[in-house]
Amino acid sequence: MSSSNLQNLLDKRLVVLVIGGGGREHALCYALQRSPSCDGVFCAPGNAGISNSGNAICIPELDISDSSAVISFCHKWGVGLVVVGPEAPLVSGLANDLVKAGIPTFGPSAEAAALEGSKNFMKSLCDKYKIPTAKYRTFTDPSSAKQYIQDQGAPIVIKADGLAAGKGVTVAMTLEEAYEAVDSMLLKSVFGSAGCRVIVEEFLEGEEVSFFALVDGENAIPLESAQDHKRVGDGDTGPNTGGMGAYSPAPVLTKELQAVVMQTIILPTVKGMEAEGCKFVGVLYAGLMIEKKTGLPKLIEYNVRFGDPECQVLMVRMESDLAQVLLAASRGELSGVSLKWSPGSAMVVVMASKGVPWVLRKGD
Ligand code: AMP
Ligand code: GLY
């Protein structure tokens, strides 16, 4: 390395704080620690695996729901970048508070996190900016919802507007199932306030694909492809989970499809969010359906974070200086950045405690 390059790197050395404590955050710590420009990684709260691996120093006592505690920690330890893993702290505004305190943060504001936090917000954005998605209507009144369902016929999809821990979607194969989902959300309030508005949506038939892009507010770069295994049992059987494993690359996401997704879904979303005055900074994780009848992608949902376990396979393939890339995103400087990936494949298998996905016993 030439002395000017070395000086450049030394000038850029960074201490990073990762927020969260799952496999996704472990993978981020692993890739950040390998970043040439990264001086040290903290993870709050972190977990035993992260601690034992030495990929980061875990801070279990730091209350990540208390923004002022996180800001004080950053000031005390010279943290130059915060990377927020899970959606909950984003939806509740941690990134807003950190940015206000002048701390570079990778992760969207609460307003931008509404892309995941409110399906109604996401669907309205799609309408306004002509982003392909399933046809839908939003309801707060059960009888109007049921009338619409009857008019449309089954199969049909019912969704709680807000965050419902991944359980707020019913793909109803019959009208009865659809009415029951409406009642449980609007009358019985099984998802609390998250279900006081429901989206009734056209059933899309095709192949599901996940798509990830890094976004800096104005620019977006696609990540390598990765796909999770959703069902709990071997041979793709049993109920859906958050993901029992993942692999990368995912052959279903061809270069051609990637270009179509960027042009028709990701870039219009980034521009739309900018035009709405809530620029998106962070990872856009799009759940897509490649429609059987057209072969074209439609947006099913957005998440405003890395998928887990998909992040795990992506981070072992990441060969760029992740700390610098995420810092560039947080500063609106992704234009011209390109990512380097290992050409190999990666896969991960999840071990889970008994009872997944219904009873999530923690601490094993
Ligand atoms: P979501 O929480 O929005 O990802 O939905 C959970 C799952 O429901 C998705 O991964 C799809 O398998 C399915 N799903 C959601 N919306 C639709 C739709 N409009 N048509 C068919 N399947 C859907
Ligand atoms: N693996 C799915 C998710 O992170 O939501």
# chains A, B, ... in the order shown; residues from 1 in each chain; ligands from 1
>>> residues_near_ligand(ligand="ligand 2", cutoff="9 Å", atoms="only C-alpha atoms and all ligand atoms", output="VMD selection string")
chain A and resid 24 166 210 227 to 230 241 to 246 285 287 303 305 to 311
>>> write_last_selection(atoms="N, CA, C and O atoms", output="PDB file, in the first residue's frame")
ATOM      1  N   ARG A  24     -28.366 -11.877  12.371  1.00  0.00           N
ATOM      2  CA  ARG A  24     -28.113 -10.789  11.421  1.00  0.00           C
ATOM      3  C   ARG A  24     -27.044  -9.844  11.957  1.00  0.00           C
ATOM      4  O   ARG A  24     -26.093  -9.476  11.255  1.00  0.00           O
ATOM      5  N   GLY A 166     -44.809 -10.503  11.931  1.00  0.00           N
ATOM      6  CA  GLY A 166     -44.808 -11.438  10.801  1.00  0.00           C
ATOM      7  C   GLY A 166     -46.056 -12.309  10.706  1.00  0.00           C
ATOM      8  O   GLY A 166     -46.115 -13.219   9.889  1.00  0.00           O
ATOM      9  N   SER A 210     -36.727 -12.539  -2.930  1.00  0.00           N
ATOM     10  CA  SER A 210     -36.322 -11.406  -2.079  1.00  0.00           C
ATOM     11  C   SER A 210     -35.299 -10.569  -2.817  1.00  0.00           C
ATOM     12  O   SER A 210     -34.490 -11.103  -3.583  1.00  0.00           O
ATOM     13  N   GLN A 227     -31.735 -15.930  -0.694  1.00  0.00           N
ATOM     14  CA  GLN A 227     -33.109 -16.394  -0.492  1.00  0.00           C
ATOM     15  C   GLN A 227     -33.184 -17.221   0.783  1.00  0.00           C
ATOM     16  O   GLN A 227     -32.254 -17.990   1.060  1.00  0.00           O
ATOM     17  N   ASP A 228     -34.254 -17.054   1.543  1.00  0.00           N
ATOM     18  CA  ASP A 228     -34.408 -17.878   2.749  1.00  0.00           C
ATOM     19  C   ASP A 228     -35.334 -19.059   2.501  1.00  0.00           C
ATOM     20  O   ASP A 228     -36.078 -19.083   1.523  1.00  0.00           O
ATOM     21  N   HIS A 229     -35.231 -20.045   3.383  1.00  0.00           N
ATOM     22  CA  HIS A 229     -36.190 -21.163   3.419  1.00  0.00           C
ATOM     23  C   HIS A 229     -37.198 -20.832   4.492  1.00  0.00           C
ATOM     24  O   HIS A 229     -36.846 -20.715   5.658  1.00  0.00           O
ATOM     25  N   LYS A 230     -38.466 -20.656   4.102  1.00  0.00           N
ATOM     26  CA  LYS A 230     -39.436 -20.139   5.070  1.00  0.00           C
ATOM     27  C   LYS A 230     -40.027 -21.210   5.979  1.00  0.00           C
ATOM     28  O   LYS A 230     -40.316 -20.964   7.137  1.00  0.00           O
ATOM     29  N   THR A 241     -41.933 -19.623   8.882  1.00  0.00           N
ATOM     30  CA  THR A 241     -41.168 -19.026   9.984  1.00  0.00           C
ATOM     31  C   THR A 241     -40.517 -17.754   9.446  1.00  0.00           C
ATOM     32  O   THR A 241     -40.708 -17.402   8.281  1.00  0.00           O
ATOM     33  N   GLY A 242     -39.690 -17.128  10.270  1.00  0.00           N
ATOM     34  CA  GLY A 242     -38.905 -15.986   9.800  1.00  0.00           C
ATOM     35  C   GLY A 242     -37.766 -16.416   8.894  1.00  0.00           C
ATOM     36  O   GLY A 242     -37.096 -15.584   8.275  1.00  0.00           O
ATOM     37  N   GLY A 243     -37.526 -17.707   8.795  1.00  0.00           N
ATOM     38  CA  GLY A 243     -36.432 -18.201   7.958  1.00  0.00           C
ATOM     39  C   GLY A 243     -35.645 -19.281   8.685  1.00  0.00           C
ATOM     40  O   GLY A 243     -35.131 -19.045   9.766  1.00  0.00           O
ATOM     41  N   MET A 244     -35.572 -20.487   8.117  1.00  0.00           N
ATOM     42  CA  MET A 244     -34.856 -21.602   8.752  1.00  0.00           C
ATOM     43  C   MET A 244     -33.488 -21.810   8.121  1.00  0.00           C
ATOM     44  O   MET A 244     -32.744 -22.713   8.522  1.00  0.00           O
ATOM     45  N   GLY A 245     -33.175 -21.002   7.143  1.00  0.00           N
ATOM     46  CA  GLY A 245     -31.887 -21.116   6.476  1.00  0.00           C
ATOM     47  C   GLY A 245     -31.896 -20.179   5.288  1.00  0.00           C
ATOM     48  O   GLY A 245     -32.937 -19.587   4.973  1.00  0.00           O
ATOM     49  N   ALA A 246     -30.747 -20.022   4.662  1.00  0.00           N
ATOM     50  CA  ALA A 246     -30.679 -19.145   3.498  1.00  0.00           C
ATOM     51  C   ALA A 246     -29.493 -19.536   2.642  1.00  0.00           C
ATOM     52  O   ALA A 246     -28.566 -20.209   3.128  1.00  0.00           O
ATOM     53  N   TYR A 285     -35.450  -3.996   1.666  1.00  0.00           N
ATOM     54  CA  TYR A 285     -35.584  -5.437   1.460  1.00  0.00           C
ATOM     55  C   TYR A 285     -36.986  -5.643   0.912  1.00  0.00           C
ATOM     56  O   TYR A 285     -37.971  -5.488   1.615  1.00  0.00           O
ATOM     57  N   GLY A 287     -39.935  -7.846  -0.744  1.00  0.00           N
ATOM     58  CA  GLY A 287     -40.501  -9.161  -1.020  1.00  0.00           C
ATOM     59  C   GLY A 287     -41.283  -9.040  -2.321  1.00  0.00           C
ATOM     60  O   GLY A 287     -42.169  -8.189  -2.440  1.00  0.00           O
ATOM     61  N   ASN A 303     -39.371  -4.469   3.733  1.00  0.00           N
ATOM     62  CA  ASN A 303     -38.787  -4.413   5.065  1.00  0.00           C
ATOM     63  C   ASN A 303     -37.694  -3.361   4.990  1.00  0.00           C
ATOM     64  O   ASN A 303     -37.127  -3.119   3.920  1.00  0.00           O
ATOM     65  N   ARG A 305     -34.779  -3.212   6.631  1.00  0.00           N
ATOM     66  CA  ARG A 305     -33.625  -3.781   7.321  1.00  0.00           C
ATOM     67  C   ARG A 305     -33.141  -4.967   6.508  1.00  0.00           C
ATOM     68  O   ARG A 305     -33.803  -5.388   5.559  1.00  0.00           O
ATOM     69  N   PHE A 306     -31.976  -5.508   6.898  1.00  0.00           N
ATOM     70  CA  PHE A 306     -31.523  -6.754   6.290  1.00  0.00           C
ATOM     71  C   PHE A 306     -32.443  -7.893   6.700  1.00  0.00           C
ATOM     72  O   PHE A 306     -32.910  -7.930   7.843  1.00  0.00           O
ATOM     73  N   GLY A 307     -32.685  -8.843   5.799  1.00  0.00           N
ATOM     74  CA  GLY A 307     -33.378 -10.067   6.180  1.00  0.00           C
ATOM     75  C   GLY A 307     -32.455 -10.919   7.027  1.00  0.00           C
ATOM     76  O   GLY A 307     -31.226 -10.851   6.909  1.00  0.00           O
ATOM     77  N   ASP A 308     -33.047 -11.709   7.888  1.00  0.00           N
ATOM     78  CA  ASP A 308     -32.277 -12.658   8.670  1.00  0.00           C
ATOM     79  C   ASP A 308     -32.961 -14.007   8.511  1.00  0.00           C
ATOM     80  O   ASP A 308     -34.154 -14.087   8.762  1.00  0.00           O
ATOM     81  N   PRO A 309     -32.303 -15.030   8.027  1.00  0.00           N
ATOM     82  CA  PRO A 309     -30.859 -15.258   7.917  1.00  0.00           C
ATOM     83  C   PRO A 309     -30.187 -14.821   6.602  1.00  0.00           C
ATOM     84  O   PRO A 309     -28.989 -15.065   6.428  1.00  0.00           O
ATOM     85  N   GLU A 310     -30.894 -14.143   5.692  1.00  0.00           N
ATOM     86  CA  GLU A 310     -30.252 -13.786   4.422  1.00  0.00           C
ATOM     87  C   GLU A 310     -28.976 -12.958   4.631  1.00  0.00           C
ATOM     88  O   GLU A 310     -27.983 -13.112   3.899  1.00  0.00           O
ATOM     89  N   CYS A 311     -29.003 -12.089   5.628  1.00  0.00           N
ATOM     90  CA  CYS A 311     -27.836 -11.230   5.895  1.00  0.00           C
ATOM     91  C   CYS A 311     -26.591 -12.067   6.187  1.00  0.00           C
ATOM     92  O   CYS A 311     -25.478 -11.687   5.842  1.00  0.00           O
TER      93      CYS A 311
END
>>> closest_atom_pairs(of="segment 165-228 of chain A", to="segment 262-283 of chain A", cutoff="6 Å", atoms="only C-alpha atoms", output="Markdown table")
| residue | atom | partner | partner_atom | distance |
| --- | --- | --- | --- | --- |
| A:Ala213 | CA | A:Val283 | CA | 5.6 |
| A:Leu214 | CA | A:Val283 | CA | 4.7 |
| A:Val215 | CA | A:Val281 | CA | 5.2 |
| A:Asp216 | CA | A:Val281 | CA | 4.6 |
| A:Gly217 | CA | A:Phe280 | CA | 4.7 |
>>> write_last_selection(atoms="all heavy atoms", output="PDB file, in the first residue's frame")
ATOM      1  N   ALA A 213     -31.374  -3.879  -1.477  1.00  0.00           N
ATOM      2  CA  ALA A 213     -30.595  -2.768  -2.035  1.00  0.00           C
ATOM      3  C   ALA A 213     -30.153  -1.845  -0.905  1.00  0.00           C
ATOM      4  O   ALA A 213     -30.889  -1.629   0.064  1.00  0.00           O
ATOM      5  CB  ALA A 213     -31.427  -1.993  -3.043  1.00  0.00           C
ATOM      6  N   LEU A 214     -28.926  -1.317  -1.042  1.00  0.00           N
ATOM      7  CA  LEU A 214     -28.451  -0.284  -0.119  1.00  0.00           C
ATOM      8  C   LEU A 214     -28.882   1.064  -0.675  1.00  0.00           C
ATOM      9  O   LEU A 214     -28.737   1.316  -1.872  1.00  0.00           O
ATOM     10  CB  LEU A 214     -26.925  -0.281  -0.041  1.00  0.00           C
ATOM     11  CG  LEU A 214     -26.232  -1.495   0.568  1.00  0.00           C
ATOM     12  CD1 LEU A 214     -24.718  -1.245   0.606  1.00  0.00           C
ATOM     13  CD2 LEU A 214     -26.749  -1.777   1.966  1.00  0.00           C
ATOM     14  N   VAL A 215     -29.386   1.925   0.209  1.00  0.00           N
ATOM     15  CA  VAL A 215     -29.936   3.202  -0.247  1.00  0.00           C
ATOM     16  C   VAL A 215     -29.353   4.332   0.604  1.00  0.00           C
ATOM     17  O   VAL A 215     -29.230   4.205   1.827  1.00  0.00           O
ATOM     18  CB  VAL A 215     -31.483   3.187  -0.124  1.00  0.00           C
ATOM     19  CG1 VAL A 215     -32.079   4.486  -0.642  1.00  0.00           C
ATOM     20  CG2 VAL A 215     -32.080   2.001  -0.861  1.00  0.00           C
ATOM     21  N   ASP A 216     -29.008   5.448  -0.066  1.00  0.00           N
ATOM     22  CA  ASP A 216     -28.421   6.582   0.669  1.00  0.00           C
ATOM     23  C   ASP A 216     -29.332   7.808   0.677  1.00  0.00           C
ATOM     24  O   ASP A 216     -28.885   8.910   0.941  1.00  0.00           O
ATOM     25  CB  ASP A 216     -27.043   6.936   0.094  1.00  0.00           C
ATOM     26  CG  ASP A 216     -27.142   7.632  -1.262  1.00  0.00           C
ATOM     27  OD1 ASP A 216     -28.256   7.742  -1.830  1.00  0.00           O
ATOM     28  OD2 ASP A 216     -26.089   8.078  -1.765  1.00  0.00           O
ATOM     29  N   GLY A 217     -30.605   7.622   0.343  1.00  0.00           N
ATOM     30  CA  GLY A 217     -31.518   8.759   0.253  1.00  0.00           C
ATOM     31  C   GLY A 217     -31.852   9.091  -1.183  1.00  0.00           C
ATOM     32  O   GLY A 217     -32.990   9.433  -1.500  1.00  0.00           O
TER      33      GLY A 217
END
>>> closest_atom_pairs(of="chain A", to="ligand 1", cutoff="7 Å", atoms="only C-alpha atoms and all ligand atoms", output="Markdown table")
| residue | atom | partner | partner_atom_place_in_ligand_line | distance |
| --- | --- | --- | --- | --- |
| A:Ala134 | CA | ligand 1 | 19 (N) | 5.5 |
| A:Val157 | CA | ligand 1 | 19 (N) | 5.7 |
| A:Gly166 | CA | ligand 1 | 2 (O) | 5.5 |
| A:Lys167 | CA | ligand 1 | 2 (O) | 7.0 |
| A:Gly168 | CA | ligand 1 | 2 (O) | 6.6 |
| A:Val169 | CA | ligand 1 | 5 (O) | 5.4 |
| A:Thr170 | CA | ligand 1 | 8 (O) | 6.8 |
| A:Val171 | CA | ligand 1 | 22 (N) | 6.1 |
| A:Glu201 | CA | ligand 1 | 19 (N) | 5.5 |
| A:Glu202 | CA | ligand 1 | 19 (N) | 5.2 |
| A:Phe203 | CA | ligand 1 | 20 (N) | 3.7 |
| A:Leu204 | CA | ligand 1 | 20 (N) | 3.7 |
| A:Glu205 | CA | ligand 1 | 21 (C) | 6.0 |
| A:Glu208 | CA | ligand 1 | 12 (O) | 6.9 |
| A:Gly287 | CA | ligand 1 | 4 (O) | 6.2 |
| A:Ile300 | CA | ligand 1 | 16 (N) | 5.3 |
| A:Glu301 | CA | ligand 1 | 3 (O) | 4.8 |
>>> select_by_dssp(residues="segment 263-321 of chain A", states="helix (DSSP H, G or I)", output="MDAnalysis selection string")
chainID A and resid 263:275 310:317
>>> select_by_dssp(residues="segment 120-178 of chain A", states="strand (DSSP E or B)", output="ChimeraX atom specification")
/A:133,136-139,156-160,169-172
>>> write_last_selection(atoms="N, CA and C atoms", output="tab-separated table (two decimals), in the first residue's frame")
chain	number	residue	atom	x	y	z
A	133	THR	N	-47.71	-3.38	-7.84
A	133	THR	CA	-48.05	-4.11	-6.61
A	133	THR	C	-49.46	-4.67	-6.79
A	136	TYR	N	-55.53	-3.25	-4.37
A	136	TYR	CA	-55.93	-3.34	-2.96
A	136	TYR	C	-56.94	-2.27	-2.59
A	137	ARG	N	-57.56	-2.44	-1.43
A	137	ARG	CA	-58.34	-1.38	-0.77
A	137	ARG	C	-58.07	-1.46	0.72
A	138	THR	N	-58.18	-0.32	1.41
A	138	THR	CA	-57.94	-0.27	2.85
A	138	THR	C	-59.27	-0.06	3.57
A	139	PHE	N	-59.47	-0.75	4.70
A	139	PHE	CA	-60.75	-0.66	5.44
A	139	PHE	C	-60.53	-0.54	6.94
A	156	ILE	N	-57.99	-14.51	-1.79
A	156	ILE	CA	-57.78	-13.08	-1.56
A	156	ILE	C	-56.91	-12.94	-0.31
A	157	VAL	N	-56.23	-11.80	-0.18
A	157	VAL	CA	-55.25	-11.66	0.90
A	157	VAL	C	-55.65	-10.53	1.84
A	158	ILE	N	-55.63	-10.82	3.16
A	158	ILE	CA	-56.01	-9.83	4.18
A	158	ILE	C	-54.77	-9.51	5.00
A	159	LYS	N	-54.48	-8.23	5.18
A	159	LYS	CA	-53.27	-7.84	5.92
A	159	LYS	C	-53.58	-6.79	6.98
A	160	ALA	N	-53.02	-6.99	8.16
A	160	ALA	CA	-53.06	-5.93	9.17
A	160	ALA	C	-52.18	-4.80	8.68
A	169	VAL	N	-50.62	-11.47	8.09
A	169	VAL	CA	-51.08	-11.70	6.72
A	169	VAL	C	-51.87	-13.01	6.64
A	170	THR	N	-53.07	-12.96	6.10
A	170	THR	CA	-53.82	-14.19	5.83
A	170	THR	C	-54.04	-14.32	4.33
A	171	VAL	N	-53.51	-15.39	3.77
A	171	VAL	CA	-53.80	-15.69	2.37
A	171	VAL	C	-55.02	-16.62	2.40
A	172	ALA	N	-56.19	-16.04	2.13
A	172	ALA	CA	-57.44	-16.78	2.30
A	172	ALA	C	-57.83	-17.47	1.01
>>> closest_residue(among="A:Val350, A:Leu288, A:Val18, A:Leu314", to="Pro45 of chain A", atoms="only C-alpha atoms")
A:Val18
>>> residues_around(residues="His75 of chain A", least_positions_apart="6", cutoff="12 Å", atoms="only C-alpha atoms", output="list in words")
Val15, Val16, Leu17, Ser68, Ala69, Leu81, Val82, Leu98, Ala101, Gly102, Ile103 and Pro104 of chain A
>>> closest_residue(among="A:Ala323, A:Gln258, A:Thr174, A:Lys292", to="Val41 of chain A", atoms="only C-alpha atoms")
A:Ala323
>>> residues_around(residues="segment 110-122 of chain A", least_positions_apart="6", cutoff="6 Å", atoms="only C-alpha atoms", output="list in words")
Leu90, Val91, Ser92, Gly93, Asp161, Gly162, Leu163, Cys278, Phe280, Tyr302, Asn303 and Val304 of chain A
>>> residues_around(residues="Ser35 of chain A", least_positions_apart="2", cutoff="9 Å", atoms="only C-alpha atoms", output="list of chain:residue names")
A:Tyr30, A:Ala31, A:Leu32, A:Gln33, A:Ser37, A:Cys38, A:Asp39, A:Glu319, A:Ser320, A:Asp321, A:Leu322, A:Ala323, A:Gln324
>>> write_last_selection(atoms="all heavy atoms", output="CSV table (one decimal), in the first residue's frame")
chain,number,residue,atom,x,y,z
A,30,TYR,N,-19.3,-9.4,12.0
A,30,TYR,CA,-18.2,-10.2,11.4
A,30,TYR,C,-17.7,-9.4,10.2
A,30,TYR,O,-16.5,-9.2,10.0
A,30,TYR,CB,-18.8,-11.5,11.0
A,30,TYR,CG,-18.0,-12.3,10.0
A,30,TYR,CD1,-17.0,-13.1,10.4
A,30,TYR,CD2,-18.4,-12.3,8.6
A,30,TYR,CE1,-16.2,-13.8,9.5
A,30,TYR,CE2,-17.6,-13.0,7.7
A,30,TYR,CZ,-16.6,-13.8,8.2
A,30,TYR,OH,-15.9,-14.6,7.2
A,31,ALA,N,-18.6,-8.9,9.3
A,31,ALA,CA,-18.1,-8.2,8.1
A,31,ALA,C,-17.5,-6.8,8.5
A,31,ALA,O,-16.6,-6.4,7.8
A,31,ALA,CB,-19.3,-8.0,7.1
A,32,LEU,N,-18.1,-6.2,9.5
A,32,LEU,CA,-17.5,-4.9,9.9
A,32,LEU,C,-16.1,-5.0,10.4
A,32,LEU,O,-15.2,-4.3,10.1
A,32,LEU,CB,-18.4,-4.2,10.9
A,32,LEU,CG,-19.7,-3.6,10.3
A,32,LEU,CD1,-20.7,-3.3,11.4
A,32,LEU,CD2,-19.4,-2.4,9.5
A,33,GLN,N,-15.9,-6.1,11.3
A,33,GLN,CA,-14.6,-6.3,11.9
A,33,GLN,C,-13.6,-6.6,10.8
A,33,GLN,O,-12.4,-6.2,11.0
A,33,GLN,CB,-14.7,-7.4,12.9
A,33,GLN,CG,-13.6,-7.4,13.8
A,33,GLN,CD,-13.5,-8.8,14.5
A,33,GLN,OE1,-13.7,-9.8,14.0
A,33,GLN,NE2,-13.1,-8.7,15.8
A,37,SER,N,-11.0,-0.5,7.3
A,37,SER,CA,-11.1,0.9,7.9
A,37,SER,C,-11.7,0.8,9.3
A,37,SER,O,-11.8,1.8,9.9
A,37,SER,CB,-11.9,1.8,7.0
A,37,SER,OG,-13.2,1.4,7.0
A,38,CYS,N,-12.1,-0.4,9.7
A,38,CYS,CA,-12.8,-0.4,11.0
A,38,CYS,C,-11.9,-0.7,12.2
A,38,CYS,O,-11.1,-1.6,12.2
A,38,CYS,CB,-13.9,-1.5,10.9
A,38,CYS,SG,-15.0,-1.5,12.3
A,39,ASP,N,-11.9,0.2,13.1
A,39,ASP,CA,-11.0,0.1,14.3
A,39,ASP,C,-11.6,-0.7,15.4
A,39,ASP,O,-10.9,-1.2,16.2
A,39,ASP,CB,-10.9,1.5,14.9
A,39,ASP,CG,-9.4,2.0,14.8
A,39,ASP,OD1,-8.6,1.1,14.5
A,39,ASP,OD2,-9.2,3.1,15.1
A,319,GLU,N,-16.9,-8.6,0.1
A,319,GLU,CA,-15.5,-8.4,0.1
A,319,GLU,C,-15.1,-6.9,0.1
A,319,GLU,O,-13.9,-6.6,0.1
A,319,GLU,CB,-14.8,-9.2,-1.0
A,319,GLU,CG,-14.8,-10.7,-0.8
A,319,GLU,CD,-14.1,-11.5,-1.9
A,319,GLU,OE1,-13.8,-10.9,-3.0
A,319,GLU,OE2,-13.8,-12.6,-1.6
A,320,SER,N,-16.1,-6.1,0.1
A,320,SER,CA,-15.8,-4.6,0.2
A,320,SER,C,-15.6,-4.3,1.6
A,320,SER,O,-15.9,-5.0,2.5
A,320,SER,CB,-17.0,-3.8,-0.3
A,320,SER,OG,-17.3,-4.2,-1.7
A,321,ASP,N,-15.1,-3.0,1.8
A,321,ASP,CA,-15.0,-2.5,3.2
A,321,ASP,C,-16.4,-2.0,3.6
A,321,ASP,O,-16.8,-0.9,3.4
A,321,ASP,CB,-14.0,-1.3,3.1
A,321,ASP,CG,-13.6,-0.7,4.5
A,321,ASP,OD1,-14.5,-0.6,5.3
A,321,ASP,OD2,-12.5,-0.4,4.7
A,322,LEU,N,-17.1,-3.0,4.3
A,322,LEU,CA,-18.5,-2.7,4.7
A,322,LEU,C,-18.6,-1.4,5.5
A,322,LEU,O,-19.6,-0.7,5.3
A,322,LEU,CB,-19.1,-3.9,5.4
A,322,LEU,CG,-20.6,-3.7,5.8
A,322,LEU,CD1,-21.4,-3.8,4.5
A,322,LEU,CD2,-21.0,-4.8,6.8
A,323,ALA,N,-17.7,-1.2,6.4
A,323,ALA,CA,-17.8,0.0,7.2
A,323,ALA,C,-17.8,1.3,6.4
A,323,ALA,O,-18.7,2.2,6.6
A,323,ALA,CB,-16.7,0.1,8.2
A,324,GLN,N,-17.0,1.3,5.4
A,324,GLN,CA,-16.9,2.5,4.5
A,324,GLN,C,-18.2,2.6,3.6
A,324,GLN,O,-18.7,3.7,3.4
A,324,GLN,CB,-15.7,2.5,3.6
A,324,GLN,CG,-14.4,2.9,4.3
A,324,GLN,CD,-14.5,4.2,5.0
A,324,GLN,OE1,-15.0,5.2,4.5
A,324,GLN,NE2,-14.1,4.2,6.3
>>> residues_around(residues="segment 46-55 of chain A", least_positions_apart="2", cutoff="6 Å", atoms="only C-alpha atoms", output="ChimeraX atom specification")
/A:20-21,26,29-30,43-44,58
>>> closest_residue(among="A:Val99, A:Ala178, A:Leu299, A:Leu94", to="Lys146 of chain A", atoms="only C-alpha atoms")
A:Ala178
>>> residues_around(residues="Ser248 of chain A", least_positions_apart="3", cutoff="10 Å", atoms="only C-alpha atoms", output="list in words")
Glu224, Ser225, Ala226, Gln227, Asp228, Pro251, Glu310, Cys311, Gln312, Val313, Leu314, Val316, Arg317, Gly344, Ser345, Ala346, Met347 and Val348 of chain A
>>> write_last_selection(atoms="C-alpha atoms", output="PDB file, in the first residue's frame")
ATOM      1  CA  GLU A 224     -26.058  -9.939  -4.271  1.00  0.00           C
ATOM      2  CA  SER A 225     -29.078 -12.244  -4.353  1.00  0.00           C
ATOM      3  CA  ALA A 226     -30.066 -14.340  -1.339  1.00  0.00           C
ATOM      4  CA  GLN A 227     -33.109 -16.394  -0.492  1.00  0.00           C
ATOM      5  CA  ASP A 228     -34.408 -17.878   2.749  1.00  0.00           C
ATOM      6  CA  PRO A 251     -30.420 -18.351  -9.191  1.00  0.00           C
ATOM      7  CA  GLU A 310     -30.252 -13.786   4.422  1.00  0.00           C
ATOM      8  CA  CYS A 311     -27.836 -11.230   5.895  1.00  0.00           C
ATOM      9  CA  GLN A 312     -25.673 -14.054   7.186  1.00  0.00           C
ATOM     10  CA  VAL A 313     -24.990 -15.505   3.738  1.00  0.00           C
ATOM     11  CA  LEU A 314     -24.545 -12.037   2.224  1.00  0.00           C
ATOM     12  CA  VAL A 316     -19.730 -13.929   4.375  1.00  0.00           C
ATOM     13  CA  ARG A 317     -19.632 -13.124   0.650  1.00  0.00           C
ATOM     14  CA  GLY A 344     -18.425 -18.549  -4.138  1.00  0.00           C
ATOM     15  CA  SER A 345     -21.731 -19.654  -2.700  1.00  0.00           C
ATOM     16  CA  ALA A 346     -22.809 -19.474   0.914  1.00  0.00           C
ATOM     17  CA  MET A 347     -25.507 -21.170   2.921  1.00  0.00           C
ATOM     18  CA  VAL A 348     -26.686 -21.205   6.505  1.00  0.00           C
TER      19      VAL A 348
END
>>> atom_distance(atom1="atom CA of Tyr129 of chain A", atom2="atom CA of Pro297 of chain A")
15.6 Å
